[in-house]
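A quick write-up on the structure given underneath.
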Amino acid sequence: MKATFFLALFLGFAGVLAAGHFVPWGAHVRLPSQTRVVANGGRAEQFLIRLPADRIDAAGAKAAGLRAAAPRGASALPPQLTAEPLLVEHFKVRDAAGNVIGLAARHWSADARASGTAWSLMIPSRGALLLTAPGEQPAALDTALRNAGYNAGTAWIGDVRVALAPEGVDTAIVAAGSDEFSGLGGKYSETWTITGVTDGGELHGTIELATVTRKGT
Amino acid sequence: MRYLLLAALGLLIGAAAACAAIYYNPFTMTKSAQLDVADRALHYALPSEVIGFALGDEVVPPGTPKRDDSLWEETIDRTAMLSLVLDDAHDNPTAIASRLLAVSPRTDFVLSGVRVNDYWLLTFPGEGTLFLRAETNVWPFLKETLPVWYLGRPWKGPSEYSPTAGPGEQGAAVVIGATGRFVGLEGTAIEKYRLTDLDPNARSAAATGEIDLRLGAPQVAKSE
């Protein structure tokens, strides 16, 4: 009887410790990566963001235009931070097949000389990517929409395509990565396709981030 | 029947002893990383300086109402997003941070604690943006807050935490200059925070935090 008790005691103790150590508590659901091999080396992967569904929130200076509009109920940035051009946006990220696979933050800021854009893409099951590029002109999307007939405060339907980081530009780079993306370098392009704007200024469309990466570049 | 009852009792006592061992396990406590000299020390207060946040469905504390805008998709239901304002030493807002967080596969209740991958974009308007990659150990925080929230135990705070647990040298976070005047710089960072209030009814907490940054020219290859 004593032996049974102590055996059970040991099994209970060891079982919980084994579960604490071996159960993959931090594992995330992973979908097959939608990558393809590029003819001259490297691998290409496209990430999509659908607007407005994937927009989590945004904050920024008024000069940043429609994209700076914060969702209802969101806190505003203190004026000290909006004295300089600044736009911070957060999105869900999809793979090329349209499945949500991660989260992204985009920061655009400028000083007297130049502007810069940084994307942090986190795909929980795979790691994170840092993409950087020279930034677009302030309110570049608003300018393109106005040229296509959009007037602030009125609904608009159309098709405007703006490359905020055009394809083939050497300065739009995959700057760093972690876990599965560790050691990768390469280029990316960023294209916004806007198909509509509501009278409240909500953007409808798609953001495409196309990356081409290879090991050790 | 007696053998069965005795075995069940033994299993329960053994499991409880293992839970106690996990709770008091010193291996899952993070050693406090230190920077020799910080180039910049930034401060924040939670929740007053939060600009926006979103939580994955699986990391919403039980009993807390879920928000409509939660991260419900199964691929991101154990993640969180937090954007917050950071102040300088004189409490002037000086930067904005976006934090993307995900429970880490390196979570291990016996050896390393509950690990979270924490990716920051940190922008100083007029200067540029830094990318910060940290692994944080939230187990010391959970150990203290969950019994207060769910078991009605008294809170012994305020408490201080140093959650940064890598991936850089000496347990510091890795910093990479992304845009503006930070391009080409690399460095390290550590985060510390002080839990100042814990409300068991609202399942909420208030904290003040600090992130210390040290930057310099890169000494190793850019992608770690």
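Chain labels A, B, ... are given in the sequence in which chains occur in the structure tokens; within each chain residues are numbered consecutively from 1, and ligands are likewise numbered from 1 in the order shown.
The environment of segment 88-98 of chain A within 7 Å, counting only C-alpha atoms and disregarding residues fewer than 3 places along the same chain, consists of Gln34, Gln46, Phe47, Leu48, Ile49, Asp54, Arg55, Ile56, Asp57, Ala58, Ala59, Gly60, Ile101, Gly102, Leu103, Ala104, Ala105, Arg106, His107 and Trp108 of chain A.
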Report task. Tell me which protein, DNA and RNA residues are within 10 Å of Thr193 of chain A, counting only C-alpha atoms, leaving out same-chain ones fewer than 6 positions away, and put them as a count of residues only. Result -> 15
Requested in this report: Output the contact residues of chain B with respect to chain A at a cut-off of 6 Å, based on only C-alpha atoms, as a VMD selection string.
Outcome: chain B and resid 6 to 7 10 to 11 14 to 15 18 51 75 to 76 102 to 105 107 to 110 125 to 126 179 223
Counting only C-alpha atoms, what is within 10 Å of segment 19-34 of chain B, bar same-chain residues fewer than 6 positions away, as a PDB file with N, CA and C atoms, in the first residue's frame?
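What ended up in part-v5.pdb:
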ATOM      1  N   PHE A  13       4.160  14.120  -9.276  1.00  0.00           N
ATOM      2  CA  PHE A  13       5.225  15.128  -9.240  1.00  0.00           C
ATOM      3  C   PHE A  13       5.927  15.208 -10.594  1.00  0.00           C
ATOM      4  N   VAL A  16       3.656  16.523 -13.647  1.00  0.00           N
ATOM      5  CA  VAL A  16       3.446  17.976 -13.739  1.00  0.00           C
ATOM      6  C   VAL A  16       4.731  18.677 -14.185  1.00  0.00           C
ATOM      7  N   LEU A  17       5.870  18.249 -13.641  1.00  0.00           N
ATOM      8  CA  LEU A  17       7.135  18.857 -14.069  1.00  0.00           C
ATOM      9  C   LEU A  17       7.406  18.587 -15.548  1.00  0.00           C
ATOM     10  N   GLY A  20       5.252  20.832 -17.545  1.00  0.00           N
ATOM     11  CA  GLY A  20       5.789  22.198 -17.508  1.00  0.00           C
ATOM     12  C   GLY A  20       6.981  22.372 -18.424  1.00  0.00           C
TER      13      GLY A  20
ATOM     14  N   ILE B  13      -1.219  14.847  -4.354  1.00  0.00           N
ATOM     15  CA  ILE B  13      -0.182  15.451  -3.501  1.00  0.00           C
ATOM     16  C   ILE B  13       1.098  15.678  -4.318  1.00  0.00           C
ATOM     17  N   THR B 107       8.982  29.254 -23.997  1.00  0.00           N
ATOM     18  CA  THR B 107       8.339  29.182 -22.680  1.00  0.00           C
ATOM     19  C   THR B 107       8.528  27.791 -22.087  1.00  0.00           C
ATOM     20  N   ASP B 108       8.991  27.750 -20.853  1.00  0.00           N
ATOM     21  CA  ASP B 108       9.264  26.486 -20.173  1.00  0.00           C
ATOM     22  C   ASP B 108       9.105  26.750 -18.675  1.00  0.00           C
ATOM     23  N   PHE B 109       8.110  26.124 -18.068  1.00  0.00           N
ATOM     24  CA  PHE B 109       7.816  26.420 -16.662  1.00  0.00           C
ATOM     25  C   PHE B 109       8.883  25.892 -15.702  1.00  0.00           C
ATOM     26  N   VAL B 110       9.786  25.050 -16.216  1.00  0.00           N
ATOM     27  CA  VAL B 110      10.801  24.478 -15.330  1.00  0.00           C
ATOM     28  C   VAL B 110      12.128  25.244 -15.440  1.00  0.00           C
ATOM     29  N   LEU B 111      12.497  25.632 -16.672  1.00  0.00           N
ATOM     30  CA  LEU B 111      13.836  26.186 -16.851  1.00  0.00           C
ATOM     31  C   LEU B 111      13.889  27.688 -17.147  1.00  0.00           C
ATOM     32  N   SER B 112      12.900  28.218 -17.870  1.00  0.00           N
ATOM     33  CA  SER B 112      13.065  29.614 -18.303  1.00  0.00           C
ATOM     34  C   SER B 112      11.896  30.530 -17.979  1.00  0.00           C
ATOM     35  N   GLY B 113      10.768  30.023 -17.574  1.00  0.00           N
ATOM     36  CA  GLY B 113       9.622  30.871 -17.264  1.00  0.00           C
ATOM     37  C   GLY B 113       8.735  31.100 -18.471  1.00  0.00           C
ATOM     38  N   VAL B 114       7.811  32.031 -18.339  1.00  0.00           N
ATOM     39  CA  VAL B 114       6.884  32.337 -19.440  1.00  0.00           C
ATOM     40  C   VAL B 114       7.518  33.440 -20.274  1.00  0.00           C
ATOM     41  N   ARG B 115       8.004  33.055 -21.444  1.00  0.00           N
ATOM     42  CA  ARG B 115       8.747  33.992 -22.288  1.00  0.00           C
ATOM     43  C   ARG B 115       7.828  34.625 -23.336  1.00  0.00           C
ATOM     44  N   THR B 136      11.196  38.709 -23.125  1.00  0.00           N
ATOM     45  CA  THR B 136      10.904  39.080 -21.741  1.00  0.00           C
ATOM     46  C   THR B 136      10.316  37.888 -21.007  1.00  0.00           C
ATOM     47  N   ASN B 137      10.583  37.864 -19.718  1.00  0.00           N
ATOM     48  CA  ASN B 137      10.058  36.796 -18.869  1.00  0.00           C
ATOM     49  C   ASN B 137       8.930  37.383 -18.025  1.00  0.00           C
ATOM     50  N   VAL B 138       7.691  36.999 -18.314  1.00  0.00           N
ATOM     51  CA  VAL B 138       6.554  37.577 -17.588  1.00  0.00           C
ATOM     52  C   VAL B 138       6.111  36.697 -16.416  1.00  0.00           C
ATOM     53  N   TRP B 139       6.835  35.598 -16.187  1.00  0.00           N
ATOM     54  CA  TRP B 139       6.445  34.687 -15.109  1.00  0.00           C
ATOM     55  C   TRP B 139       6.478  35.350 -13.726  1.00  0.00           C
ATOM     56  N   PRO B 140       7.531  36.124 -13.366  1.00  0.00           N
ATOM     57  CA  PRO B 140       7.508  36.788 -12.048  1.00  0.00           C
ATOM     58  C   PRO B 140       6.286  37.693 -11.872  1.00  0.00           C
ATOM     59  N   LYS B 143       3.152  35.374 -11.511  1.00  0.00           N
ATOM     60  CA  LYS B 143       3.160  34.713 -10.200  1.00  0.00           C
ATOM     61  C   LYS B 143       2.572  35.599  -9.115  1.00  0.00           C
ATOM     62  N   TYR B 161      10.056  44.892 -11.422  1.00  0.00           N
ATOM     63  CA  TYR B 161      10.403  43.761 -12.291  1.00  0.00           C
ATOM     64  C   TYR B 161      11.450  44.197 -13.314  1.00  0.00           C
ATOM     65  N   SER B 162      12.317  43.287 -13.663  1.00  0.00           N
ATOM     66  CA  SER B 162      13.278  43.477 -14.761  1.00  0.00           C
ATOM     67  C   SER B 162      13.066  42.324 -15.722  1.00  0.00           C
ATOM     68  N   PRO B 163      12.091  42.442 -16.627  1.00  0.00           N
ATOM     69  CA  PRO B 163      11.686  41.284 -17.428  1.00  0.00           C
ATOM     70  C   PRO B 163      12.603  40.943 -18.598  1.00  0.00           C
ATOM     71  N   THR B 164      13.482  41.873 -19.001  1.00  0.00           N
ATOM     72  CA  THR B 164      14.293  41.626 -20.205  1.00  0.00           C
ATOM     73  C   THR B 164      15.227  40.438 -19.979  1.00  0.00           C
ATOM     74  N   ALA B 165      15.142  39.470 -20.888  1.00  0.00           N
ATOM     75  CA  ALA B 165      15.919  38.231 -20.742  1.00  0.00           C
ATOM     76  C   ALA B 165      16.616  37.856 -22.047  1.00  0.00           C
ATOM     77  N   GLY B 166      17.057  38.830 -22.785  1.00  0.00           N
ATOM     78  CA  GLY B 166      17.764  38.542 -24.031  1.00  0.00           C
ATOM     79  C   GLY B 166      17.075  39.224 -25.198  1.00  0.00           C
ATOM     80  N   GLU B 169      23.642  40.107 -25.441  1.00  0.00           N
ATOM     81  CA  GLU B 169      24.632  39.727 -24.431  1.00  0.00           C
ATOM     82  C   GLU B 169      24.157  40.137 -23.041  1.00  0.00           C
ATOM     83  N   GLN B 170      24.459  39.335 -22.081  1.00  0.00           N
ATOM     84  CA  GLN B 170      24.127  39.592 -20.676  1.00  0.00           C
ATOM     85  C   GLN B 170      22.641  39.833 -20.457  1.00  0.00           C
ATOM     86  N   GLY B 171      21.829  39.190 -21.299  1.00  0.00           N
ATOM     87  CA  GLY B 171      20.387  39.249 -21.095  1.00  0.00           C
ATOM     88  C   GLY B 171      19.726  40.535 -21.509  1.00  0.00           C
ATOM     89  N   ALA B 172      20.409  41.369 -22.296  1.00  0.00           N
ATOM     90  CA  ALA B 172      19.802  42.627 -22.746  1.00  0.00           C
ATOM     91  C   ALA B 172      19.096  42.426 -24.076  1.00  0.00           C
ATOM     92  N   ALA B 173      18.225  43.370 -24.417  1.00  0.00           N
ATOM     93  CA  ALA B 173      17.550  43.335 -25.714  1.00  0.00           C
ATOM     94  C   ALA B 173      18.492  43.867 -26.795  1.00  0.00           C
ATOM     95  N   ALA B 189      19.382  47.223 -24.922  1.00  0.00           N
ATOM     96  CA  ALA B 189      18.370  47.903 -24.106  1.00  0.00           C
ATOM     97  C   ALA B 189      17.893  46.968 -23.017  1.00  0.00           C
ATOM     98  N   ILE B 190      17.429  47.561 -21.942  1.00  0.00           N
ATOM     99  CA  ILE B 190      16.750  46.775 -20.911  1.00  0.00           C
ATOM    100  C   ILE B 190      15.516  47.543 -20.443  1.00  0.00           C
ATOM    101  N   GLU B 191      14.523  46.785 -20.040  1.00  0.00           N
ATOM    102  CA  GLU B 191      13.292  47.390 -19.546  1.00  0.00           C
ATOM    103  C   GLU B 191      13.119  47.033 -18.076  1.00  0.00           C
ATOM    104  N   LYS B 192      12.624  48.007 -17.330  1.00  0.00           N
ATOM    105  CA  LYS B 192      12.267  47.753 -15.927  1.00  0.00           C
ATOM    106  C   LYS B 192      10.906  48.382 -15.700  1.00  0.00           C
ATOM    107  N   ASP B 212      15.993  51.590 -20.925  1.00  0.00           N
ATOM    108  CA  ASP B 212      17.324  52.195 -21.038  1.00  0.00           C
ATOM    109  C   ASP B 212      17.967  51.715 -22.332  1.00  0.00           C
TER     110      ASP B 212
END
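The nearest approach to Asp118 of chain B among the residues B:Ala134, B:Leu86, B:Leu195, B:Ala8, with only C-alpha atoms taken into account, belongs to B:Ala134.
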Find the residues around Met81 of chain B up to 7 Å (only C-alpha atoms counted), leave out those fewer than 4 positions away in its own chain, and share them as a tab-separated table (two decimals) with N, CA and C atoms, in the first residue's frame.
chain	number	residue	atom	x	y	z
B	53	PHE	N	-4.22	49.58	-27.84
B	53	PHE	CA	-3.78	48.22	-27.58
B	53	PHE	C	-4.80	47.22	-28.11
B	54	ALA	N	-4.32	46.04	-28.39
B	54	ALA	CA	-5.19	44.95	-28.82
B	54	ALA	C	-4.63	43.67	-28.22
B	55	LEU	N	-5.53	42.80	-27.78
B	55	LEU	CA	-5.10	41.55	-27.13
B	55	LEU	C	-5.65	40.36	-27.91
B	99	ARG	N	4.64	48.17	-29.77
B	99	ARG	CA	5.16	46.87	-29.30
B	99	ARG	C	4.28	45.76	-29.84
B	100	LEU	N	4.90	44.83	-30.54
B	100	LEU	CA	4.20	43.63	-31.01
B	100	LEU	C	4.72	42.48	-30.14
B	101	LEU	N	3.81	41.82	-29.46
B	101	LEU	CA	4.21	40.79	-28.49
B	101	LEU	C	3.57	39.44	-28.84
Requested in this report: Please report, as a PyMOL selection string, each residue of segment 62-131 of chain A to which DSSP assigns alpha helix (DSSP H) when run on this structure's backbone.
Outcome: chain A and resi 79-82
Write out the residues from the selection above, keeping C-alpha atoms, as a PDB file, in the first residue's frame.
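Wrote it out as result26.pdb, contents follow:
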ATOM      1  CA  PRO A  79       1.200  67.792 -29.137  1.00  0.00           C
ATOM      2  CA  GLN A  80       4.955  67.502 -28.433  1.00  0.00           C
ATOM      3  CA  LEU A  81       5.024  64.401 -30.648  1.00  0.00           C
ATOM      4  CA  THR A  82       3.034  65.846 -33.519  1.00  0.00           C
TER       5      THR A  82
END
Query - DSSP strand (DSSP E or B) residues within segment 56-116 of chain A, as a list of chain:residue names - result: A:Ile56, A:Asp57, A:Ala58, A:Ala59, A:Gly60, A:Leu86, A:Leu87, A:Val88, A:Glu89, A:His90, A:Phe91, A:Lys92, A:Val93, A:Arg94, A:Val100, A:Ile101, A:Gly102, A:Leu103, A:Ala104, A:Ala105, A:Arg106, A:His107, A:Trp108, A:Ser109, A:Ala110, A:Ser115, A:Gly116
**Report entry** Interatomic distance, atom CA of Leu130 of chain B to atom CA of Ala178 of chain B (Å, one decimal)
**Finding:** 5.1 Å
Query raised in the report: Skipping near chain neighbours, those fewer than 6 positions away, what residues fall within 8 Å of segment 197-201 of chain A using only C-alpha atoms, listed as a PyMOL selection string?
Result: chain A and resi 66+69+152-157
Query raised in the report: What gap, in Å, lies between atom CA of Gly216 of chain B and atom CA of Val212 of chain A?
Result: 28.8 Å
